[in-house]
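*Asks:* Can you keep this structure in mind? I'll have questions shortly.
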2 protein chains.
Amino acid sequence: MIRRLDREAWTRAALDAFEETGPSGVAVVPLARDLGVTRGSFYWHFESRDELLAAALELWEHEHSDAILEALQELHDPRARLEALGRAATSKPPSIFIQLLRAADDPIVGRVLERASRRRLEVLAKAYGDSGLSPAAARRRALIAYAQYVGLAFLVAEDPELLPDERSRAAYARELAAVLNA
Amino acid sequence: MIRRLDREAWTRAALDAFEETGPSGVAVVPLARDLGVTRGSFYWHFESRDELLAAALELWEHEHSDAILEALQELHDPRARLEALGRAATSKPPSIFIQLLRAADDPIVGRVLERASRRRLEVLAKAYGDSGLSPAAARRRALIAYAQYVGLAFLVAEDPELLPDERSRAAYARELAAVLNA
DNA sequence: ACCTGAACACCGTTCAAGT
DNA sequence: ACCTGAACACCGTTCAAGT
């Protein structure tokens with residue numbers, strides 16, 4: 001029996017591989033092997049391997065990254081929104097986002113990461129602005145908060161021993177909250 | 001005339017390529033072309049391309065990363081040391097470090113980055129400890145400060161428009177200092 | 001001691017031919 | 001409309017042969 005695939009099947013498989021291994025996992029020949037077809041069939045659906053990677057990350061942007069931000073925008077009370085953002089920031093970051101951070105030198109990954117970061121910074125700045133800061137101060141505070149999130153996510157992914165248990169994570173979150181509400 | 005190279009020449013060339021392009025720039029065939037020899041000659045000096053990348057990054061660790069930390073340790077006044085660290089943190093991060101951050105998914109890059117981060121966190125925690133914090137609090141504060149440094153370096157490398165001019169950098173640094181000295 | 005040059009494996013890409 | 005299979009380019013690696 002001959003397997004028939006569509007663009008979507010390739011894209012989902014590519015996103016799974018990306019979550020597992022990062023951009024190097026999105027490779028035509030191994031994916032084709034896994035999907036039970038030959039490399040040639042891939043080029044019926046896509047122009048190139050880069051187009052596949054871009055499509056997979058676009059899927060993530062629409063289904064996950066944007067969805068989270070939209071849910072947050074539902075919270076009209078700025079204090080509640082900042083609290084929700086704080087909880088999101090101190091809980092475990094999604095593995096796809098971690099992979100994006102860890103492979104930012106890939107041009108396609110870099111573009112997606114920059115778009116996602118821009119949106120998140122806007123949402124954060126809006127929350128700080130709505131809770132009373134001037135636009136410029138809100139933007140700076142958003143940058144500080146998001147840089148902290150990115151830096152910590154990065155470092156802990158690199159070395160989980162930095163925050164090994166729930167107690168250390170809680171102590172870090174308390175200290176960070178004290179520092180950021182100064 | 002036949003070119004003769006040693007291990008050091010390959011290592012320097014590899015580090016230059018890494019600074020320019022990241023790990024993908026450390027490729028045997030293109031480097032050999034640049035150096036005017038064939039690929040085969042490379043394997044006289046090194047077991048593998050990975051050994052070359054590791055050697056290049058080791059060079060960076062010894063000549064740059066460690067050197068900076070040792071210079072800082074010379075400052076015995078903890079306040080002066082924290083100030084020097086603050087200046088280092090808000091000035092432009094060295095391009096090799098940025099490349100390390102942007103390619104952390106590479107196993108060899110990841111190892112080097114983790115080692116360097118561990119050392120920097122130790123030095124930071126020691127500075128905070130020497131200036132009066134308890135060991136646990138000093139470690140948390142060090143993590144907050146270093147995560148901020150890493151996160152900002154990362155985001156600004158991705159999108160320089162986040163802090164486009166000297167004025168915005170200064171305003172950010174002021175706000176950050178206010179926040180971190182809370 | 002250091003380099004050449006040819007070989008092989010692996011992945012990206014193309015394309016004529018099949019169903 | 002979707003897939004096969006063979007071809008080519010490119011890079012990592014090996015190794016016998018050269019100087």
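Just so we're on the same page: first chain in the structure tokens is A, next is B, and so on; residues restart at 1 for each chain, and ligands are numbered from 1 in the order they show up.
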Using 6 Å as the limit and counting only C-alpha atoms, can you tabulate each residue of chain B that touches chain A, with its shortest atom-to-atom distance in Å and the two atoms involved, as JSON lines?
*Replies:*
{"residue": "B:Arg102", "atom": "CA", "partner": "A:Ala104", "partner_atom": "CA", "distance": 4.8}
{"residue": "B:Ala103", "atom": "CA", "partner": "A:Ala103", "partner_atom": "CA", "distance": 5.1}
{"residue": "B:Ala104", "atom": "CA", "partner": "A:Arg102", "partner_atom": "CA", "distance": 4.7}
{"residue": "B:Asp105", "atom": "CA", "partner": "A:Arg102", "partner_atom": "CA", "distance": 4.9}
{"residue": "B:Ala147", "atom": "CA", "partner": "A:Gly151", "partner_atom": "CA", "distance": 4.2}
{"residue": "B:Gln148", "atom": "CA", "partner": "A:Gln148", "partner_atom": "CA", "distance": 4.7}
{"residue": "B:Val150", "atom": "CA", "partner": "A:Gly151", "partner_atom": "CA", "distance": 5.1}
{"residue": "B:Gly151", "atom": "CA", "partner": "A:Gly151", "partner_atom": "CA", "distance": 3.8}
{"residue": "B:Leu152", "atom": "CA", "partner": "A:Ala147", "partner_atom": "CA", "distance": 5.0}
{"residue": "B:Val179", "atom": "CA", "partner": "A:Val179", "partner_atom": "CA", "distance": 5.6}
{"residue": "B:Ala182", "atom": "CA", "partner": "A:Val179", "partner_atom": "CA", "distance": 5.9}
*Asks:* Using only C-alpha atoms (C1' of nucleotides), find the residues of chain D whose closest atom to chain B is at most 12 Å away, then write them as a list in words.
*Replies:*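 Selected residues: DC10, DC11, DG12, DT13, DT14, DC15 and DT19 of chain D.
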*Asks:* Restricting it to N, CA and C atoms (P, O5', C5', C4', C3', O3' and C1' of nucleotides), dump the selection as an mmCIF file, in the first residue's frame.
*Replies:*
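Okay, part32.cif is ready:
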data_model
loop_
_atom_site.group_PDB
_atom_site.id
_atom_site.type_symbol
_atom_site.label_atom_id
_atom_site.label_comp_id
_atom_site.auth_asym_id
_atom_site.auth_seq_id
_atom_site.Cartn_x
_atom_site.Cartn_y
_atom_site.Cartn_z
ATOM 1 P P DC D 10 28.730 22.555 -4.970
ATOM 2 O "O5'" DC D 10 28.532 22.053 -3.473
ATOM 3 C "C5'" DC D 10 27.410 22.507 -2.732
ATOM 4 C "C4'" DC D 10 27.519 21.958 -1.328
ATOM 5 C "C3'" DC D 10 28.956 22.015 -0.779
ATOM 6 O "O3'" DC D 10 28.958 22.562 0.525
ATOM 7 C "C1'" DC D 10 28.072 19.841 -0.584
ATOM 8 P P DC D 11 30.348 22.980 1.253
ATOM 9 O "O5'" DC D 11 30.423 21.962 2.458
ATOM 10 C "C5'" DC D 11 29.400 21.968 3.440
ATOM 11 C "C4'" DC D 11 29.549 20.731 4.309
ATOM 12 C "C3'" DC D 11 30.951 20.578 4.929
ATOM 13 O "O3'" DC D 11 30.803 20.372 6.325
ATOM 14 C "C1'" DC D 11 30.305 18.596 3.805
ATOM 15 P P DG D 12 32.090 20.160 7.257
ATOM 16 O "O5'" DG D 12 32.027 18.599 7.592
ATOM 17 C "C5'" DG D 12 30.952 18.106 8.369
ATOM 18 C "C4'" DG D 12 31.186 16.622 8.656
ATOM 19 C "C3'" DG D 12 32.537 16.315 9.287
ATOM 20 O "O3'" DG D 12 32.378 15.303 10.265
ATOM 21 C "C1'" DG D 12 32.329 15.158 7.226
ATOM 22 P P DT D 13 33.599 14.851 11.178
ATOM 23 O "O5'" DT D 13 34.186 13.631 10.336
ATOM 24 C "C5'" DT D 13 33.358 12.502 10.098
ATOM 25 C "C4'" DT D 13 34.141 11.463 9.325
ATOM 26 C "C3'" DT D 13 35.583 11.234 9.813
ATOM 27 O "O3'" DT D 13 35.699 9.881 10.211
ATOM 28 C "C1'" DT D 13 35.462 11.391 7.455
ATOM 29 P P DT D 14 37.051 9.263 10.739
ATOM 30 O "O5'" DT D 14 37.619 8.541 9.435
ATOM 31 C "C5'" DT D 14 36.784 7.632 8.743
ATOM 32 C "C4'" DT D 14 37.569 6.970 7.638
ATOM 33 C "C3'" DT D 14 38.997 6.568 8.017
ATOM 34 O "O3'" DT D 14 39.198 5.234 7.607
ATOM 35 C "C1'" DT D 14 39.022 7.863 6.040
ATOM 36 P P DC D 15 40.462 4.378 8.118
ATOM 37 O "O5'" DC D 15 41.437 4.423 6.873
ATOM 38 C "C5'" DC D 15 40.903 4.310 5.554
ATOM 39 C "C4'" DC D 15 41.990 4.563 4.527
ATOM 40 C "C3'" DC D 15 43.416 4.361 5.057
ATOM 41 O "O3'" DC D 15 44.211 3.803 4.024
ATOM 42 C "C1'" DC D 15 43.234 6.498 4.169
ATOM 43 P P DT D 19 56.142 13.224 -4.839
ATOM 44 O "O5'" DT D 19 56.494 14.032 -3.511
ATOM 45 C "C5'" DT D 19 56.301 15.448 -3.428
ATOM 46 C "C4'" DT D 19 56.809 15.922 -2.097
ATOM 47 C "C3'" DT D 19 58.322 15.674 -1.913
ATOM 48 O "O3'" DT D 19 59.056 16.850 -2.285
ATOM 49 C "C1'" DT D 19 57.044 15.169 0.063
#
*Asks:* Of the candidates B:Leu5, B:Leu69, B:Ser131, B:Ala14, which one gets nearest to Trp44 in chain B if we count only C-alpha atoms?
*Replies:*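 Between B:Leu5, B:Leu69, B:Ser131, B:Ala14, the residue approaching Trp44 in chain B most closely is B:Leu5.
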*Asks:* Could you write out, as a VMD selection string, all the residues of range 2-174 of chain B that DSSP marks as helix (DSSP H, G or I)?
*Replies:* chain B and resid 7 to 21 23 to 25 28 to 35 39 to 45 49 to 73 78 to 90 95 to 102 107 to 130 135 to 158 160 to 162 166 to 174
*Asks:* Using only C-alpha atoms (C1' of nucleotides), which protein or nucleic acid residues come within 10 Å of DT4 in chain C? Drop anything in the same chain fewer than 2 positions from it, and give the result as a list of chain:residue names.
*Replies:*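 In the requested format, the answer is B:Val37, B:Thr38, B:Arg39, B:Gly40, B:Ser41, C:DA6, D:DA17, D:DG18.
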*Asks:* CA of Ala138 in chain A and CA of Ala125 in chain A are how many Å apart?
*Replies:*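 One can read the CA of Ala138 in chain A to CA of Ala125 in chain A distance as 5.0 Å.
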*Asks:* Record the distance separating CA of Glu8 in chain A and CA of Ser95 in chain A, expressed in Å with one decimal.
*Replies:*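 For CA of Glu8 in chain A relative to CA of Ser95 in chain A, the distance reads 21.1 Å.
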*Asks:* Would you work out the distance separating CA of Leu53 in chain B from CA of Leu31 in chain B, expressed in Å to one decimal?
*Replies:*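 Between CA of Leu53 in chain B and CA of Leu31 in chain B the gap works out to 12.0 Å.
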*Asks:* Which residues are close to Leu15 in chain B, i.e. within 10 Å by only C-alpha atoms (C1' of nucleotides), leaving aside same-chain residues fewer than 6 positions away? Reply as a list in words.
*Replies:* Thr21, Gly22, Pro23, Gly25, Val26, Leu52, Leu53, Ala54, Ala55, Ala56, Leu57, Glu58, Leu59, Trp60 and Ile96 of chain B
*Asks:* Please write the residues from the selection above to a file, keeping N, CA and C atoms, as a short mmCIF file (atom, residue, chain, number, x, y, z; two decimals), in the first residue's frame.
*Replies:*
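Result file again-v2.cif:
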data_model
loop_
_atom_site.label_atom_id
_atom_site.label_comp_id
_atom_site.auth_asym_id
_atom_site.auth_seq_id
_atom_site.Cartn_x
_atom_site.Cartn_y
_atom_site.Cartn_z
N THR B 21 30.02 33.74 12.27
CA THR B 21 28.86 33.00 11.77
C THR B 21 28.27 31.99 12.74
N GLY B 22 28.93 31.79 13.90
CA GLY B 22 28.45 30.75 14.79
C GLY B 22 28.98 29.38 14.38
N PRO B 23 28.47 28.32 15.00
CA PRO B 23 29.03 26.97 14.78
C PRO B 23 28.97 26.52 13.32
N GLY B 25 29.68 28.15 10.87
CA GLY B 25 30.85 28.69 10.18
C GLY B 25 32.09 27.84 10.37
N VAL B 26 32.08 27.03 11.41
CA VAL B 26 33.24 26.16 11.67
C VAL B 26 33.05 24.87 10.87
N LEU B 52 37.65 20.44 16.63
CA LEU B 52 38.07 21.79 16.24
C LEU B 52 37.20 22.84 16.91
N LEU B 53 35.90 22.65 16.88
CA LEU B 53 34.99 23.61 17.50
C LEU B 53 35.26 23.70 19.00
N ALA B 54 35.44 22.55 19.65
CA ALA B 54 35.73 22.54 21.08
C ALA B 54 37.02 23.28 21.38
N ALA B 55 38.05 23.06 20.56
CA ALA B 55 39.34 23.73 20.77
C ALA B 55 39.20 25.24 20.61
N ALA B 56 38.44 25.66 19.63
CA ALA B 56 38.26 27.10 19.40
C ALA B 56 37.57 27.75 20.60
N LEU B 57 36.55 27.09 21.11
CA LEU B 57 35.80 27.68 22.22
C LEU B 57 36.61 27.63 23.51
N GLU B 58 37.46 26.61 23.64
CA GLU B 58 38.36 26.56 24.79
C GLU B 58 39.31 27.77 24.77
N LEU B 59 39.76 28.09 23.59
CA LEU B 59 40.62 29.27 23.43
C LEU B 59 39.89 30.51 23.96
N TRP B 60 38.64 30.65 23.59
CA TRP B 60 37.85 31.79 24.06
C TRP B 60 37.72 31.76 25.58
N ILE B 96 31.30 36.94 20.61
CA ILE B 96 31.41 35.49 20.74
C ILE B 96 30.40 34.97 21.76
#
